[in-house]
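Below: coords_37.txt (compact mmCIF, C-alpha atoms)
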```
# COMPACT_ATOMS: atom_id res chain seq x y z
CA MET A 57 43.63 51.98 122.70
CA THR A 58 41.93 55.15 121.71
CA PRO A 59 42.35 56.88 125.08
CA ASP A 60 46.06 56.00 125.01
CA ALA A 61 46.73 57.66 121.70
CA PRO A 62 46.44 61.29 122.84
CA GLN A 63 48.72 60.51 125.77
CA HIS A 64 51.42 59.31 123.41
CA THR A 65 51.24 62.40 121.30
CA SER A 66 51.55 64.57 124.38
CA HIS A 67 54.83 62.82 125.19
CA GLY A 68 56.07 63.78 121.79
CA PRO A 69 57.30 61.85 118.82
CA HIS A 70 60.41 60.70 120.64
CA SER A 71 58.67 58.61 123.27
CA SER A 72 56.32 57.00 120.78
CA ARG A 73 59.17 56.02 118.53
CA SER A 74 61.29 54.60 121.34
CA SER A 75 58.41 52.42 122.38
CA HIS A 76 58.13 51.15 118.85
CA GLY A 77 61.75 50.14 118.88
CA PRO A 78 63.34 48.60 115.80
CA SER A 79 60.06 48.56 113.93
CA GLY A 80 60.10 52.34 113.87
CA GLN A 81 63.52 52.34 112.26
CA ARG A 82 62.31 50.04 109.59
CA GLY A 83 59.28 52.26 109.11
CA GLY A 84 61.12 54.59 106.77
CA GLY A 85 63.79 57.21 106.35
CA SER A 86 61.50 60.02 107.34
CA GLY A 87 61.06 58.62 110.84
CA SER A 88 64.73 58.15 111.59
CA SER A 89 65.75 61.56 110.27
CA GLY A 90 63.17 63.21 112.49
CA GLY A 91 64.52 61.43 115.56
CA ASP A 92 68.15 62.36 115.06
CA ARG A 93 68.96 65.93 115.80
CA PRO A 94 69.89 67.52 112.50
CA ARG A 95 73.65 68.11 112.49
CA ARG A 96 74.66 71.72 112.75
CA PRO A 97 76.05 72.57 109.33
CA ARG A 98 79.80 73.01 109.34
CA ARG A 99 81.19 76.49 108.72
CA GLN A 100 80.98 76.82 104.99
CA TYR A 101 83.93 79.20 104.69
CA VAL A 102 87.07 79.87 106.58
CA ARG A 103 87.42 83.54 107.37
CA LYS A 104 90.50 84.89 105.69
CA ARG A 105 93.02 85.93 108.25
CA LYS A 106 93.82 89.59 108.01
CA VAL A 107 97.42 90.61 108.35
CA CYS A 108 98.89 93.94 109.22
CA ARG A 109 99.98 95.59 106.03
CA PHE A 110 102.68 97.53 107.80
CA CYS A 111 104.14 94.35 109.22
CA VAL A 112 104.11 92.71 105.80
CA ASP A 113 105.88 95.66 104.26
CA LYS A 114 108.24 95.91 107.26
CA ILE A 115 107.45 99.54 107.95
CA ASP A 116 109.30 100.92 110.97
CA TYR A 117 108.13 104.50 110.73
CA VAL A 118 104.78 105.75 109.56
CA ASP A 119 105.45 109.07 107.91
CA TYR A 120 102.78 111.73 108.24
CA LYS A 121 103.94 113.29 104.98
CA ASN A 122 103.08 110.21 102.95
CA VAL A 123 99.54 111.30 102.22
CA ASP A 124 98.76 108.71 99.56
CA MET A 125 99.56 105.88 101.94
CA LEU A 126 97.63 107.41 104.82
CA ARG A 127 94.65 107.96 102.59
CA THR A 128 94.14 104.22 102.25
CA PHE A 129 93.51 104.01 105.99
CA ILE A 130 90.85 106.66 106.29
CA LEU A 131 87.26 106.71 105.13
CA ASP A 132 85.87 109.28 102.74
CA ARG A 133 84.56 111.13 105.74
CA GLY A 134 88.09 111.45 107.05
CA LYS A 135 87.79 108.99 109.89
CA VAL A 136 90.54 106.49 110.56
CA ILE A 137 89.39 102.97 109.68
CA PRO A 138 89.34 100.77 112.80
CA ARG A 139 91.91 98.06 112.92
CA ARG A 140 89.31 95.34 113.27
CA ILE A 141 88.51 96.10 109.65
CA THR A 142 91.93 96.80 108.18
CA GLY A 143 93.69 94.13 110.26
CA THR A 144 96.48 96.49 111.25
CA CYS A 145 98.32 95.40 114.37
CA ALA A 146 98.07 97.47 117.54
CA ARG A 147 101.50 98.98 117.29
CA HIS A 148 101.16 100.04 113.72
CA GLN A 149 97.67 101.39 114.27
CA ARG A 150 99.11 103.54 117.04
CA TRP A 151 101.75 104.92 114.72
CA LEU A 152 99.20 105.38 112.01
CA LYS A 153 96.94 107.32 114.33
CA LEU A 154 99.79 109.64 115.23
CA ALA A 155 100.68 110.17 111.60
CA VAL A 156 97.11 110.95 110.64
CA LYS A 157 96.82 113.45 113.46
CA ARG A 158 99.98 115.20 112.40
CA ALA A 159 98.89 115.26 108.79
CA ARG A 160 95.57 116.75 109.79
CA ASN A 161 97.30 119.46 111.72
CA ILE A 162 99.16 120.68 108.68
CA ALA A 163 96.19 120.37 106.30
CA LEU A 164 97.49 117.34 104.45
CA MET A 165 94.51 115.32 105.67
CA PRO A 166 90.94 116.28 106.39
CA PHE A 167 89.55 116.30 109.90
CA ALA A 168 86.04 115.37 108.86
CA ALA A 169 83.77 115.03 105.86
CA GLY A 170 86.25 115.57 103.06
CA ALA A 171 83.84 117.83 101.22
CA MET B 648 125.84 119.99 125.88
CA ALA B 649 122.37 118.92 125.17
CA GLU B 650 121.83 116.06 122.83
CA GLU B 651 121.11 116.96 119.27
CA ARG B 652 117.48 116.93 118.36
CA ILE B 653 116.00 116.64 114.93
CA TYR B 654 112.91 118.52 113.91
CA GLU B 655 110.77 118.63 110.87
CA LEU B 656 109.07 121.92 110.26
CA ILE B 657 106.44 122.56 107.66
CA PHE B 658 104.80 125.87 107.04
CA ILE B 659 102.16 126.91 104.58
CA CYS B 660 102.00 130.29 102.89
CA ARG B 661 99.11 131.88 101.07
CA PRO B 662 99.15 130.64 97.48
CA ASP B 663 99.25 134.17 96.07
CA THR B 664 102.41 135.26 97.87
CA PRO B 665 105.25 136.07 95.51
CA GLU B 666 108.11 133.59 95.61
CA ALA B 667 110.52 136.30 96.73
CA GLU B 668 108.57 136.81 99.89
CA ILE B 669 108.55 133.11 100.65
CA ASP B 670 112.29 133.05 100.16
CA LYS B 671 112.54 135.89 102.61
CA VAL B 672 110.63 133.89 105.23
CA ILE B 673 112.88 130.91 104.57
CA SER B 674 116.03 132.92 104.99
CA THR B 675 114.84 134.52 108.21
CA LEU B 676 114.03 131.11 109.62
CA GLN B 677 117.41 129.80 108.61
CA GLN B 678 119.07 132.74 110.27
CA ALA B 679 117.02 132.32 113.42
CA ALA B 680 117.90 128.63 113.59
CA GLU B 681 121.58 129.37 113.26
CA GLU B 682 121.40 132.02 115.93
CA GLN B 683 120.10 129.33 118.26
CA GLN B 684 122.94 126.96 117.41
CA GLY B 685 120.79 124.89 115.12
CA ARG B 686 121.51 124.01 111.55
CA VAL B 687 119.14 123.62 108.69
CA GLU B 688 119.83 120.33 106.97
CA LYS B 689 117.30 120.59 104.25
CA VAL B 690 114.86 123.05 102.77
CA ASP B 691 112.30 121.71 100.39
CA LYS B 692 109.74 123.84 98.61
CA TRP B 693 106.83 121.57 97.83
CA GLY B 694 105.11 124.37 95.99
CA VAL B 695 101.43 125.12 95.77
CA ARG B 696 99.22 122.19 96.59
CA ARG B 697 95.69 121.63 97.71
CA MET B 698 95.02 121.69 101.40
CA ALA B 699 92.68 119.15 102.92
CA TYR B 700 90.50 121.90 104.35
CA ARG B 701 90.21 125.63 103.96
CA VAL B 702 92.36 127.85 106.10
CA ASP B 703 91.65 131.57 106.15
CA LYS B 704 89.51 131.16 103.04
CA CYS B 705 92.41 129.64 101.11
CA SER B 706 92.00 126.15 99.78
CA ASP B 707 95.52 125.98 98.35
CA GLY B 708 98.78 126.70 100.02
CA PHE B 709 102.48 126.94 99.30
CA PHE B 710 104.16 124.26 101.42
CA VAL B 711 107.74 124.58 102.60
CA PHE B 712 109.52 121.78 104.43
CA PHE B 713 112.52 122.16 106.74
CA LEU B 714 114.72 119.56 108.37
CA ILE B 715 116.55 121.13 111.28
CA HIS B 716 119.06 119.83 113.76
CA GLY B 717 118.89 121.75 116.98
CA ARG B 718 120.46 121.77 120.38
CA ARG B 719 118.33 124.25 122.23
CA SER B 720 114.64 123.98 122.94
CA GLU B 721 114.35 127.76 122.59
CA MET B 722 115.10 127.37 118.91
CA VAL B 723 111.69 125.90 118.14
CA LYS B 724 110.02 128.52 120.23
CA GLU B 725 111.80 131.25 118.33
CA LEU B 726 111.06 129.73 114.93
CA GLU B 727 107.39 129.34 115.73
CA ARG B 728 107.22 132.88 117.03
CA ARG B 729 108.62 134.16 113.77
CA LEU B 730 106.18 132.06 111.77
CA LYS B 731 103.33 133.36 113.85
CA VAL B 732 104.17 136.99 113.17
CA SER B 733 105.00 136.63 109.49
CA GLU B 734 102.14 137.80 107.36
CA PRO B 735 101.88 135.23 104.53
CA VAL B 736 102.11 132.14 106.72
CA LEU B 737 98.81 130.35 107.18
CA LYS B 738 99.89 127.35 109.20
CA TYR B 739 102.97 125.67 110.54
CA LEU B 740 103.86 122.43 112.28
CA THR B 741 107.03 121.39 114.06
CA VAL B 742 107.58 117.73 114.79
CA ARG B 743 110.46 116.31 116.73
CA ILE B 744 111.46 113.13 114.99
CA ASP B 745 114.82 112.08 116.43
CA GLU B 746 113.26 109.64 118.88
CA GLU B 747 111.18 108.05 116.18
CA LEU B 748 114.22 107.77 113.94
CA LYS B 749 116.06 106.15 116.81
CA ARG B 750 113.27 103.64 117.25
CA GLN B 751 113.28 102.98 113.54
CA ARG B 752 117.01 102.33 113.54
CA LYS B 753 116.59 99.98 116.46
CA LEU B 754 113.88 97.99 114.73
CA VAL B 755 115.89 97.77 111.53
CA ALA B 756 118.93 96.59 113.46
CA ARG B 757 116.90 94.00 115.29
CA ARG B 758 115.43 92.68 112.08
CA GLU B 759 118.85 92.42 110.50
CA ARG B 760 120.20 90.62 113.52
CA ARG B 761 117.35 88.17 113.41
CA MET B 762 117.82 87.56 109.71
CA ALA B 763 121.51 86.94 110.25
CA ARG B 764 120.80 84.53 113.05
CA ARG B 765 118.24 82.68 111.02
CA ALA B 766 120.60 82.44 108.08
CA ARG B 767 123.34 81.11 110.32
CA LYS B 768 121.00 78.58 111.87
CA SER B 769 119.77 77.24 108.56
CA ALA B 770 123.33 77.11 107.27
CA GLY B 771 124.32 75.15 110.37
CA GLU B 772 121.45 72.73 109.88
CA THR B 773 122.36 72.01 106.28
CA ALA B 774 125.97 71.53 107.32
CA ALA B 775 124.90 69.11 110.00
CA ALA B 776 122.70 67.23 107.54
CA ALA B 777 125.57 66.98 105.10
CA GLY B 778 128.07 65.96 107.77
```
Show me the file's structure as structure tokens.
Amino acid sequence: MTPDAPQHTSHGPHSSRSSHGPSGQRGGGSGSSGGDRPRRPRRQYVRKRKVCRFCVDKIDYVDYKNVDMLRTFILDRGKVIPRRITGTCARHQRWLKLAVKRARNIALMPFAAGA
Amino acid sequence: MAEERIYELIFICRPDTPEAEIDKVISTLQQAAEEQQGRVEKVDKWGVRRMAYRVDKCSDGFFVFFLIHGRRSEMVKELERRLKVSEPVLKYLTVRIDEELKRQRKLVARRERRMARRARKSAGETAAAAG
């Protein structure tokens, strides 16, 4: 009996419990919970789907003169915010990029570090 | 005859230039555009406003906006040449916008068509339900 015991432990808790059979289940809640793989917790939140603001507002032309609007799509440093963050669709991001570049050219927008 | 093209032109003057001188620049540009068979649709003086970065040690500038219809590509070249040589002008930008306006019109038309179709469809469905 005693020489067997270390062998069982080497096999792990699973094998020892399976050999015990139904008695192990009756043994207590702690035993059964250890045997079952803990369920992976479900996603607690659903990520909010981002929508393109230009599409929502039905914008067909991004005007480079509209500085206040363009400002919401650049960081303080003057960089254009990537669309993975703003949720802008590819087409509108392309137009936005063009508008920002034009605005920069005529000093309506900063190139970098809006100091 | 070449197709008509639409340009937006913005130039920035030093903030300390007297208004009369700016008007002079405007009138020369207008004249130059007309000489090249263009016509100035709109002139808008935005006035002195802050620039996003310093240009020639000026942090403010007097912005003037033009909307020009042109037929000859040389017109833009001539206008930009004049802006380049005129003393108070700090910066200028010409943008051709007719193609973008065309695209915009197309998108608007498409949206309206779609709305009309949708309206017709829903109207048809309600009629069918009633009938």
Inset, instruction - Have a look at A:Met125, A:Pro94, A:Ile115, A:Val107 and name the one nearest to chain B; count all atoms listed in the file. - result: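 Among the listed residues, the smallest separation from chain B belongs to A:Ile115.
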Give as a PDB file with C-alpha atoms, keeping the file's coordinate frame the set of residues within 8 Å of the point (119.4, 123.0, 109.5), where distances use the file's coordinates and all atoms listed in the file.
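Final file, out_33.pdb:
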```
ATOM      1  CA  GLN B 677     117.410 129.800 108.610  1.00  0.00           C
ATOM      2  CA  ALA B 680     117.900 128.630 113.590  1.00  0.00           C
ATOM      3  CA  GLU B 681     121.580 129.370 113.260  1.00  0.00           C
ATOM      4  CA  GLY B 685     120.790 124.890 115.120  1.00  0.00           C
ATOM      5  CA  ARG B 686     121.510 124.010 111.550  1.00  0.00           C
ATOM      6  CA  VAL B 687     119.140 123.620 108.690  1.00  0.00           C
ATOM      7  CA  GLU B 688     119.830 120.330 106.970  1.00  0.00           C
ATOM      8  CA  LYS B 689     117.300 120.590 104.250  1.00  0.00           C
ATOM      9  CA  PHE B 713     112.520 122.160 106.740  1.00  0.00           C
ATOM     10  CA  LEU B 714     114.720 119.560 108.370  1.00  0.00           C
ATOM     11  CA  ILE B 715     116.550 121.130 111.280  1.00  0.00           C
ATOM     12  CA  HIS B 716     119.060 119.830 113.760  1.00  0.00           C
ATOM     13  CA  GLY B 717     118.890 121.750 116.980  1.00  0.00           C
TER      14      GLY B 717
END
```
Sorted by chain and rising residue number, list the residues of chain B at most 8 Å from chain A (counting all atoms listed in the file), each with its closest atom pair and distance in Å to one decimal, as a tab-separated table.
```
residue	atom	partner	partner_atom	distance
B:Ile657	CA	A:Ile162	CA	7.6
B:Phe658	CA	A:Ile162	CA	7.8
B:Met698	CA	A:Ala163	CA	5.2
B:Ala699	CA	A:Pro166	CA	4.8
B:Tyr700	CA	A:Pro166	CA	6.0
B:Lys738	CA	A:Ile162	CA	6.7
B:Tyr739	CA	A:Ile162	CA	6.5
B:Leu740	CA	A:Ile162	CA	6.2
B:Glu747	CA	A:Tyr117	CA	7.2
B:Leu748	CA	A:Tyr117	CA	7.6
B:Arg750	CA	A:Asp116	CA	7.9
B:Gln751	CA	A:Asp116	CA	5.2
B:Leu754	CA	A:Asp116	CA	6.6
B:Val755	CA	A:Asp116	CA	7.3
```
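The residue that comes closest to Thr142 of chain A, out of A:Asp124, A:Asp119, A:Gln100, A:Phe129 and on the basis of all atoms listed in the file, is A:Phe129.
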Legend entry - Straight-line distance linking atom CA of Cys108 of chain A with atom CA of Gly143 of chain A, stated in Å to one decimal: 5.3 Å
Inset, instruction - Please indicate the distance in Å from atom CA of Val723 of chain B to atom CA of Arg661 of chain B, rounded to one decimal place. - result: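 So the answer is 22.0 Å.
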Inset, instruction - Please measure the separation of atom CA of Phe709 of chain B and atom CA of Arg696 of chain B, giving the value in Å to one decimal. - result: 6.4 Å
Residues within 8 Å of Leu676 of chain B, please, as a PDB file with C-alpha atoms, keeping the file's coordinate frame. Count all atoms listed in the file; anything in the same chain fewer than 4 positions from it doesn't count.
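Contents of the output file result.pdb:
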```
ATOM      1  CA  VAL B 672     110.630 133.890 105.230  1.00  0.00           C
ATOM      2  CA  ALA B 680     117.900 128.630 113.590  1.00  0.00           C
ATOM      3  CA  LEU B 726     111.060 129.730 114.930  1.00  0.00           C
ATOM      4  CA  ARG B 729     108.620 134.160 113.770  1.00  0.00           C
TER       5      ARG B 729
END
```
Inset, instruction - Would you mind listing what lies within 10 Å of Pro735 of chain B as a list in words, with all atoms listed in the file counted and same-chain residues fewer than 4 positions away left out? - result: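 So the residues in contact are Ile659, Cys660, Arg661, Pro662, Asp663, Thr664, Pro665, Glu668, Ile669, Val672, Phe709, Leu730 and Lys731 of chain B.
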Inset, instruction - Excluding Arg139 of chain A and any residue of its chain fewer than 2 positions from it, enumerate the residues within 12 Å of it, using all atoms listed in the file, and give them as a ChimeraX atom specification. - result: /A:106-110,129-130,136-137,141-150,152-153
Legend entry - Residue among B:Val702, B:Met722, B:Val742, B:Ala775 lying closest to Leu656 of chain B, counting only C-alpha atoms: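 Closest candidate: B:Val742.
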Nearby residues (only C-alpha atoms) at most 8 Å from Leu126 of chain A, same-chain spacing under 6 positions excluded, as a PDB file with C-alpha atoms, in the frame of the given file:
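Okay, this is what ended up in around.pdb:
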```
ATOM      1  CA  TYR A 120     102.780 111.730 108.240  1.00  0.00           C
ATOM      2  CA  LEU A 152      99.200 105.380 112.010  1.00  0.00           C
ATOM      3  CA  ALA A 155     100.680 110.170 111.600  1.00  0.00           C
ATOM      4  CA  VAL A 156      97.110 110.950 110.640  1.00  0.00           C
TER       5      VAL A 156
END
```
N, CA and C atoms are what I want for segment 730-752 of chain B; can you complete it accordingly and write them as a tab-separated table (two decimals), in the coordinates of the input?
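out.tsv was written with the following content:
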```tsv
chain	number	residue	atom	x	y	z
B	730	LEU	N	107.22	132.49	112.71
B	730	LEU	CA	106.18	132.06	111.77
B	730	LEU	C	104.83	132.69	112.12
B	731	LYS	N	104.61	132.82	113.41
B	731	LYS	CA	103.33	133.36	113.85
B	731	LYS	C	103.19	134.83	113.42
B	732	VAL	N	104.28	135.56	113.48
B	732	VAL	CA	104.17	136.99	113.17
B	732	VAL	C	104.31	137.27	111.67
B	733	SER	N	104.81	136.31	110.91
B	733	SER	CA	105.00	136.63	109.49
B	733	SER	C	103.67	136.54	108.76
B	734	GLU	N	103.46	137.54	107.95
B	734	GLU	CA	102.14	137.80	107.36
B	734	GLU	C	101.64	136.67	106.44
B	735	PRO	N	102.44	136.17	105.50
B	735	PRO	CA	101.88	135.23	104.53
B	735	PRO	C	101.70	133.81	105.05
B	736	VAL	N	102.16	133.53	106.25
B	736	VAL	CA	102.11	132.14	106.72
B	736	VAL	C	100.72	131.83	107.27
B	737	LEU	N	100.14	130.77	106.74
B	737	LEU	CA	98.81	130.35	107.18
B	737	LEU	C	98.91	129.38	108.34
B	738	LYS	N	99.83	128.46	108.24
B	738	LYS	CA	99.89	127.35	109.20
B	738	LYS	C	101.32	126.86	109.29
B	739	TYR	N	101.65	126.28	110.44
B	739	TYR	CA	102.97	125.67	110.54
B	739	TYR	C	102.88	124.51	111.51
B	740	LEU	N	103.83	123.61	111.39
B	740	LEU	CA	103.86	122.43	112.28
B	740	LEU	C	105.31	122.05	112.48
B	741	THR	N	105.69	121.88	113.73
B	741	THR	CA	107.03	121.39	114.06
B	741	THR	C	106.87	120.02	114.72
B	742	VAL	N	107.63	119.07	114.23
B	742	VAL	CA	107.58	117.73	114.79
B	742	VAL	C	108.99	117.30	115.13
B	743	ARG	N	109.15	116.83	116.35
B	743	ARG	CA	110.46	116.31	116.73
B	743	ARG	C	110.50	114.85	116.34
B	744	ILE	N	111.49	114.48	115.54
B	744	ILE	CA	111.46	113.13	114.99
B	744	ILE	C	112.66	112.29	115.40
B	745	ASP	N	113.60	112.86	116.18
B	745	ASP	CA	114.82	112.08	116.43
B	745	ASP	C	114.52	110.79	117.20
B	746	GLU	N	113.54	110.85	118.11
B	746	GLU	CA	113.26	109.64	118.88
B	746	GLU	C	112.61	108.57	118.01
B	747	GLU	N	111.80	109.03	117.08
B	747	GLU	CA	111.18	108.05	116.18
B	747	GLU	C	112.22	107.46	115.23
B	748	LEU	N	113.15	108.28	114.81
B	748	LEU	CA	114.22	107.77	113.94
B	748	LEU	C	115.07	106.76	114.70
B	749	LYS	N	115.28	107.07	115.99
B	749	LYS	CA	116.06	106.15	116.81
B	749	LYS	C	115.36	104.80	116.91
B	750	ARG	N	114.06	104.87	117.15
B	750	ARG	CA	113.27	103.64	117.25
B	750	ARG	C	113.32	102.87	115.94
B	751	GLN	N	113.24	103.62	114.85
B	751	GLN	CA	113.28	102.98	113.54
B	751	GLN	C	114.61	102.26	113.33
B	752	ARG	N	115.69	102.95	113.70
B	752	ARG	CA	117.01	102.33	113.54
B	752	ARG	C	117.12	101.06	114.36
```
